[in-house]
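These notes are about the structure you will find just below.
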Amino acid sequence: MKNNSISKIHTDYELCPNCTKRLISKNIYKNKSIKKCFICKNIFDNLNSHLENIFEKILNYDFKTFQIGVTLQPSYLDRDDFIKSKFKIQGVENIKFAVLTELAKKISKTTSTVRKMNQADLIIEIVFKDESCTIRTKPLFIYGRYKKTKRNLRQRQDLCKKCNGIGCHNCEFKGVLNEISVESKISNFFKSKFQCSTVKINWIGGEEQFSLVLGNGRPFFAKLNNPKKRNRILRNYSDHNGISLSELRKLKSQPKGSVPFKSEISATIVSQSLISSSQLKNLKKLERNELQFFSKGKLISKKIYKINYKKTAKNKFNLNLFLDGGIPIKSLIEMQEITPNVSNLLGSPCRCEKFDFKRIEI
Ligand SMILES: [Zn+2]
Ligand SMILES: [Zn+2]
């Protein structure tokens, strides 16, 4: 019965050697020249032009593994299924699978890389209908710290006010304004090093435009999308303009959720009225007291572990704090929204002139 079906394939349909071999697992093809394979329309003869296109596109990419996907017109699979059901052929790979295997074999051989089903460095997508080929890559995750030794540089890039980050003509479809920030400097560093399209930074805490970040710097996690280069070595970096990067290293993945941290900060505070040393002693109450405040509608509880102060003028003092990350420093000093707070404890409204980060621990 089965032999009967197989022998009839070639009398009824014209099939190429690839399709014959695939369907009946042996090549009974008798060297007759075929005009056009009923199933694949001689797709296997045209793979080289696709391969040339792929090789040209991936020339500048670093990769050890690749994933490949193809989109064939449904009619190919329909004809393949039709023949299989007509001749009761079961358990053989379909035409799409066969095309993929053939392409992957050649890519693997030419580039000395390995095909992987997921999590590959490089992702190749081919659409046969319009002969297009798209290349994407697996993101790179990087951990590092930045130091900021010059004031007046905002940490984050501002979203474009016209489109709110979506991308428009105003922002050249970047979604952000072209202002210089810590974020733009770090992004540009990674973009030029790894030739990635975009960089998304997950900050461990934040600072104001006029704050410095000293010590060994503020930690951050960066996700680099579509990097062309992934083998580059990471070294410490300084832009000689107040920003330097250290501890840079590649990670397998990014941490999920928020990372708890503690910071040591130094603030310069001006009080509206004169302050005495005994008033300042009251600030010790901040130490080991739970601080409570609302953030985004949620009641948050944080701690201050260590507090030191030094009077520098009749109404001015320096305050050093070692505290949980995520406490809004200016609010802690100036506002009523956090209890207890510096202004309340001193019985005089205070203003935070500046505050710097001396150390951040994770
Ligand atoms: Zn064929
Ligand atoms: Zn815009």
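Following the order of the structure tokens, first chain is A, next is B, and so on, with residues numbered from 1 inside each chain and ligands from 1 in the order they appear.
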Might you pull out every residue within 10 Å of Ser301 (chain A), with only C-alpha atoms counted and same-chain residues fewer than 4 positions away left off, and present them as a list in words? Asn289, Glu290, Leu291, Gln292, Phe293, Phe294, Asp324 and Ile327 of chain A
For the selection just defined, write its residues with C-alpha atoms to a file, as a CSV table (one decimal), in the first residue's frame.
```csv
chain,number,residue,atom,x,y,z
A,289,ASN,CA,13.4,55.9,64.2
A,290,GLU,CA,11.1,54.6,61.5
A,291,LEU,CA,10.3,57.3,59.0
A,292,GLN,CA,6.9,57.2,57.4
A,293,PHE,CA,5.7,58.8,54.3
A,294,PHE,CA,3.4,58.3,51.3
A,324,ASP,CA,17.7,53.6,53.4
A,327,ILE,CA,13.9,58.6,51.2
```
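Among all protein and nucleic acid residues, the ones that lie within 12 Å of ligand 2 when counting only C-alpha atoms and all ligand atoms are Asp158, Leu159, Cys160, Lys161, Lys162, Cys163, Asn164, Gly165, Ile166, Gly167, Cys168, His169, Asn170, Cys171, Glu172, Phe173, Lys174, Gly175, Val176, Leu177 and Asn178 of chain A.
Every residue of region 140-231 of chain A with a DSSP assignment of helix (DSSP H, G or I), taken from the backbone, is listed as A:His169, A:Asn170, A:Cys171, A:Val182, A:Glu183, A:Ser184, A:Lys185, A:Ile186, A:Ser187, A:Asn188, A:Phe189, A:Phe190, A:Lys191, A:Ser192, A:Lys193, A:Phe194.
Those protein and nucleic acid residues that have any atom within 7 Å of ligand 1 are, using only C-alpha atoms and all ligand atoms, Leu15, Cys16, Pro17, Asn18, Cys19, Cys37, Phe38, Ile39, Cys40, Lys41, Asn42 and Ile43 of chain A.
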Those selected residues, please, written with N, CA and C atoms and delivered as a PDB file, in the first residue's frame.
```
ATOM      1  N   LEU A  15       8.299  16.540  -8.492  1.00  0.00           N
ATOM      2  CA  LEU A  15       8.883  16.945  -7.211  1.00  0.00           C
ATOM      3  C   LEU A  15      10.398  17.059  -7.331  1.00  0.00           C
ATOM      4  N   CYS A  16      10.963  18.026  -6.607  1.00  0.00           N
ATOM      5  CA  CYS A  16      12.411  18.225  -6.655  1.00  0.00           C
ATOM      6  C   CYS A  16      13.110  17.183  -5.785  1.00  0.00           C
ATOM      7  N   PRO A  17      14.423  17.023  -5.953  1.00  0.00           N
ATOM      8  CA  PRO A  17      15.139  16.027  -5.131  1.00  0.00           C
ATOM      9  C   PRO A  17      14.976  16.281  -3.635  1.00  0.00           C
ATOM     10  N   ASN A  18      14.989  17.545  -3.211  1.00  0.00           N
ATOM     11  CA  ASN A  18      14.849  17.839  -1.774  1.00  0.00           C
ATOM     12  C   ASN A  18      13.513  17.349  -1.231  1.00  0.00           C
ATOM     13  N   CYS A  19      12.450  17.669  -1.941  1.00  0.00           N
ATOM     14  CA  CYS A  19      11.123  17.291  -1.462  1.00  0.00           C
ATOM     15  C   CYS A  19      10.943  15.771  -1.528  1.00  0.00           C
ATOM     16  N   CYS A  37       9.017  22.104  -9.052  1.00  0.00           N
ATOM     17  CA  CYS A  37       8.538  21.198  -8.007  1.00  0.00           C
ATOM     18  C   CYS A  37       7.120  21.615  -7.601  1.00  0.00           C
ATOM     19  N   PHE A  38       6.232  20.630  -7.582  1.00  0.00           N
ATOM     20  CA  PHE A  38       4.828  20.917  -7.249  1.00  0.00           C
ATOM     21  C   PHE A  38       4.707  21.585  -5.880  1.00  0.00           C
ATOM     22  N   ILE A  39       5.489  21.120  -4.918  1.00  0.00           N
ATOM     23  CA  ILE A  39       5.358  21.653  -3.551  1.00  0.00           C
ATOM     24  C   ILE A  39       6.119  22.961  -3.359  1.00  0.00           C
ATOM     25  N   CYS A  40       7.412  22.942  -3.649  1.00  0.00           N
ATOM     26  CA  CYS A  40       8.246  24.077  -3.218  1.00  0.00           C
ATOM     27  C   CYS A  40       8.592  25.058  -4.333  1.00  0.00           C
ATOM     28  N   LYS A  41       8.135  24.788  -5.515  1.00  0.00           N
ATOM     29  CA  LYS A  41       8.446  25.673  -6.658  1.00  0.00           C
ATOM     30  C   LYS A  41       9.959  25.935  -6.756  1.00  0.00           C
ATOM     31  N   ASN A  42      10.722  24.905  -6.493  1.00  0.00           N
ATOM     32  CA  ASN A  42      12.201  24.967  -6.540  1.00  0.00           C
ATOM     33  C   ASN A  42      12.811  25.977  -5.569  1.00  0.00           C
ATOM     34  N   ILE A  43      12.218  26.075  -4.433  1.00  0.00           N
ATOM     35  CA  ILE A  43      12.700  27.056  -3.435  1.00  0.00           C
ATOM     36  C   ILE A  43      14.161  26.777  -3.049  1.00  0.00           C
TER      37      ILE A  43
END
```
Which value, in Å to one decimal, gives the distance between CA of Ile362 (chain A) and CA of Leu283 (chain A)? 25.9 Å
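Candidate residues A:Arg154, A:Lys193, A:Arg235, A:Lys8 were compared for distance to Ile180 (chain A), and the nearest is A:Arg154, using only C-alpha atoms.
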Residues of region 59-199 of chain A in strand (DSSP E), written as a PyMOL selection string: chain A and resi 65-71+114-115+122-127+132-137+140-148+198-199
Restricted to C-alpha atoms, what would the selected residues look like written as an mmCIF file, in the first residue's frame?
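As written to disk, selection.cif reads:
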```cif
data_model
loop_
_atom_site.group_PDB
_atom_site.id
_atom_site.type_symbol
_atom_site.label_atom_id
_atom_site.label_comp_id
_atom_site.auth_asym_id
_atom_site.auth_seq_id
_atom_site.Cartn_x
_atom_site.Cartn_y
_atom_site.Cartn_z
ATOM 1 C CA THR A 65 24.650 31.267 18.333
ATOM 2 C CA PHE A 66 21.784 32.115 16.016
ATOM 3 C CA GLN A 67 18.092 31.499 15.698
ATOM 4 C CA ILE A 68 16.341 31.485 12.369
ATOM 5 C CA GLY A 69 12.722 31.913 11.394
ATOM 6 C CA VAL A 70 11.101 31.910 7.977
ATOM 7 C CA THR A 71 7.720 32.993 6.750
ATOM 8 C CA VAL A 114 25.682 27.163 16.282
ATOM 9 C CA ARG A 115 21.948 27.207 15.695
ATOM 10 C CA LEU A 122 21.394 36.583 16.744
ATOM 11 C CA ILE A 123 17.850 36.246 15.408
ATOM 12 C CA ILE A 124 17.342 36.043 11.649
ATOM 13 C CA GLU A 125 13.859 36.410 10.198
ATOM 14 C CA ILE A 126 13.264 35.752 6.527
ATOM 15 C CA VAL A 127 10.064 36.510 4.690
ATOM 16 C CA SER A 132 13.201 40.451 3.119
ATOM 17 C CA CYS A 133 15.538 39.551 5.931
ATOM 18 C CA THR A 134 15.521 41.161 9.382
ATOM 19 C CA ILE A 135 18.285 40.836 11.936
ATOM 20 C CA ARG A 136 17.787 41.297 15.658
ATOM 21 C CA THR A 137 20.016 40.402 18.560
ATOM 22 C CA LEU A 140 23.008 42.646 26.670
ATOM 23 C CA PHE A 141 22.695 43.355 30.390
ATOM 24 C CA ILE A 142 25.374 45.394 32.095
ATOM 25 C CA TYR A 143 25.956 46.355 35.696
ATOM 26 C CA GLY A 144 28.074 49.332 36.657
ATOM 27 C CA ARG A 145 28.460 52.389 38.832
ATOM 28 C CA TYR A 146 28.773 56.024 37.867
ATOM 29 C CA LYS A 147 30.405 58.863 39.690
ATOM 30 C CA LYS A 148 29.405 62.472 39.126
ATOM 31 C CA THR A 198 18.714 51.830 22.461
ATOM 32 C CA VAL A 199 19.752 51.675 26.113
#
```
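The two atoms in question, CA of Ser273 (chain A) and CA of Ile307 (chain A), are spaced 21.7 Å apart.
Atom to atom, CA of Ile186 (chain A) and CA of Ala222 (chain A) stand 9.0 Å apart.
Distances here use only C-alpha atoms; by that measure, the residue among A:Ser49, A:Ser295, A:Gln90, A:Ser244 closest to Pro328 (chain A) is A:Ser295.
Compared by their closest atoms to Glu52 (chain A), and using only C-alpha atoms, the residues A:Lys106, A:Lys64, A:Lys303, A:Lys298 rank with A:Lys106 nearest.
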Find the residues near Ile204 (chain A): any atom within 9 Å, counting only C-alpha atoms, skip ones fewer than 6 places away on the same chain, and give them as a list in words. Arg218, Pro219, Phe220, Phe221, Ser258, Val259, Pro260, Phe261, Gly325, Ile360 and Ile362 of chain A
Those selected residues, please, written with N, CA and C atoms and delivered as a short mmCIF file (atom, residue, chain, number, x, y, z; two decimals), in the first residue's frame.
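Saved the output as out_31.cif:
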```
data_model
loop_
_atom_site.label_atom_id
_atom_site.label_comp_id
_atom_site.auth_asym_id
_atom_site.auth_seq_id
_atom_site.Cartn_x
_atom_site.Cartn_y
_atom_site.Cartn_z
N ARG A 218 27.13 55.54 42.01
CA ARG A 218 25.78 54.97 42.10
C ARG A 218 25.65 53.76 41.18
N PRO A 219 25.15 52.64 41.71
CA PRO A 219 24.99 51.46 40.86
C PRO A 219 23.84 51.63 39.86
N PHE A 220 23.95 50.97 38.74
CA PHE A 220 22.85 50.95 37.77
C PHE A 220 22.92 49.66 36.96
N PHE A 221 21.79 49.32 36.39
CA PHE A 221 21.71 48.18 35.48
C PHE A 221 21.27 48.71 34.12
N SER A 258 12.69 45.86 42.42
CA SER A 258 13.61 46.90 42.84
C SER A 258 14.69 46.32 43.75
N VAL A 259 15.86 46.91 43.66
CA VAL A 259 17.01 46.45 44.44
C VAL A 259 17.13 47.32 45.68
N PRO A 260 17.09 46.75 46.89
CA PRO A 260 17.22 47.58 48.09
C PRO A 260 18.64 48.14 48.22
N PHE A 261 18.75 49.35 48.70
CA PHE A 261 20.07 49.96 48.86
C PHE A 261 20.07 50.97 50.00
N GLY A 325 17.70 53.68 51.00
CA GLY A 325 17.46 54.30 49.70
C GLY A 325 15.98 54.61 49.54
N ILE A 360 27.03 54.63 48.13
CA ILE A 360 25.77 53.90 47.95
C ILE A 360 26.07 52.41 48.06
N ILE A 362 24.70 48.39 47.99
CA ILE A 362 23.60 47.47 47.64
C ILE A 362 23.92 46.09 48.20
#
```
Applying 9 Å and only C-alpha atoms, which residues near Ser184 (chain A) remain after dropping the ones on its own chain fewer than 6 positions away? List them as a ChimeraX atom specification. /A:155-157,178
Got a sec: who's within 8 Å of Val342 (chain A), counting only C-alpha atoms, leaving out chain neighbours fewer than 6 positions off, as a ChimeraX atom specification? /A:283,332-334,350
Restricted to C-alpha atoms, what would the selected residues look like written as a PDB file, in the first residue's frame?
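Output file again-v1.pdb follows:
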```
ATOM      1  CA  LEU A 283      18.167  65.553  65.322  1.00  0.00           C
ATOM      2  CA  LEU A 332      13.071  64.945  54.978  1.00  0.00           C
ATOM      3  CA  ILE A 333      14.648  68.344  55.608  1.00  0.00           C
ATOM      4  CA  GLU A 334      12.051  70.840  54.433  1.00  0.00           C
ATOM      5  CA  CYS A 350      14.909  74.628  57.080  1.00  0.00           C
TER       6      CYS A 350
END
```
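With distances restricted to only C-alpha atoms, A:Leu103 is the closest residue to Asn46 (chain A) from A:Leu280, A:Leu234, A:Leu103, A:Leu214.
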Exercise: Ile265 (chain A) partners within 10 Å, only C-alpha atoms, chain neighbours under 3 positions left out, as an NGL selection string: :A and (211-214 or 262 or 307 or 319-323 or 329 or 355-360)
May I have the selected residues written with N, CA and C atoms, as a tab-separated table (two decimals), in the first residue's frame?
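Written out: out-v5.tsv:
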```tsv
chain	number	residue	atom	x	y	z
A	211	SER	N	23.25	67.69	42.67
A	211	SER	CA	23.92	66.80	43.61
A	211	SER	C	25.10	66.11	42.95
A	212	LEU	N	26.10	65.83	43.77
A	212	LEU	CA	27.24	65.05	43.29
A	212	LEU	C	27.03	63.60	43.71
A	213	VAL	N	27.67	62.68	42.99
A	213	VAL	CA	27.66	61.28	43.39
A	213	VAL	C	29.11	60.86	43.52
A	214	LEU	N	29.54	60.65	44.78
A	214	LEU	CA	30.96	60.43	45.04
A	214	LEU	C	31.19	59.00	45.52
A	262	LYS	N	21.26	51.34	50.45
A	262	LYS	CA	21.41	52.37	51.48
A	262	LYS	C	22.39	53.41	50.96
A	307	ILE	N	23.45	59.38	62.04
A	307	ILE	CA	23.30	60.81	61.78
A	307	ILE	C	24.42	61.59	62.48
A	319	LEU	N	24.77	68.20	57.56
A	319	LEU	CA	24.13	67.01	58.10
A	319	LEU	C	24.60	65.80	57.28
A	320	ASN	N	25.15	64.82	58.00
A	320	ASN	CA	25.53	63.58	57.32
A	320	ASN	C	24.59	62.47	57.74
A	321	LEU	N	24.08	61.75	56.77
A	321	LEU	CA	23.10	60.70	57.06
A	321	LEU	C	23.49	59.40	56.37
A	322	PHE	N	23.27	58.31	57.07
A	322	PHE	CA	23.37	57.01	56.41
A	322	PHE	C	21.98	56.41	56.51
A	323	LEU	N	21.31	56.24	55.38
A	323	LEU	CA	19.88	55.91	55.42
A	323	LEU	C	19.47	54.96	54.29
A	329	ILE	N	15.25	63.23	50.18
A	329	ILE	CA	16.09	63.99	51.10
A	329	ILE	C	15.54	65.39	51.36
A	355	PHE	N	22.76	68.70	48.52
A	355	PHE	CA	23.12	67.42	49.13
A	355	PHE	C	23.83	66.55	48.12
A	356	ASP	N	24.83	65.83	48.63
A	356	ASP	CA	25.65	64.97	47.75
A	356	ASP	C	25.63	63.55	48.28
A	357	PHE	N	25.83	62.62	47.35
A	357	PHE	CA	25.92	61.21	47.74
A	357	PHE	C	27.38	60.84	47.94
A	358	LYS	N	27.69	60.34	49.13
A	358	LYS	CA	29.08	60.00	49.40
A	358	LYS	C	29.35	58.50	49.20
A	359	ARG	N	28.29	57.71	49.32
A	359	ARG	CA	28.47	56.27	49.19
A	359	ARG	C	27.10	55.65	48.97
A	360	ILE	N	27.03	54.63	48.13
A	360	ILE	CA	25.77	53.90	47.95
A	360	ILE	C	26.07	52.41	48.06
```
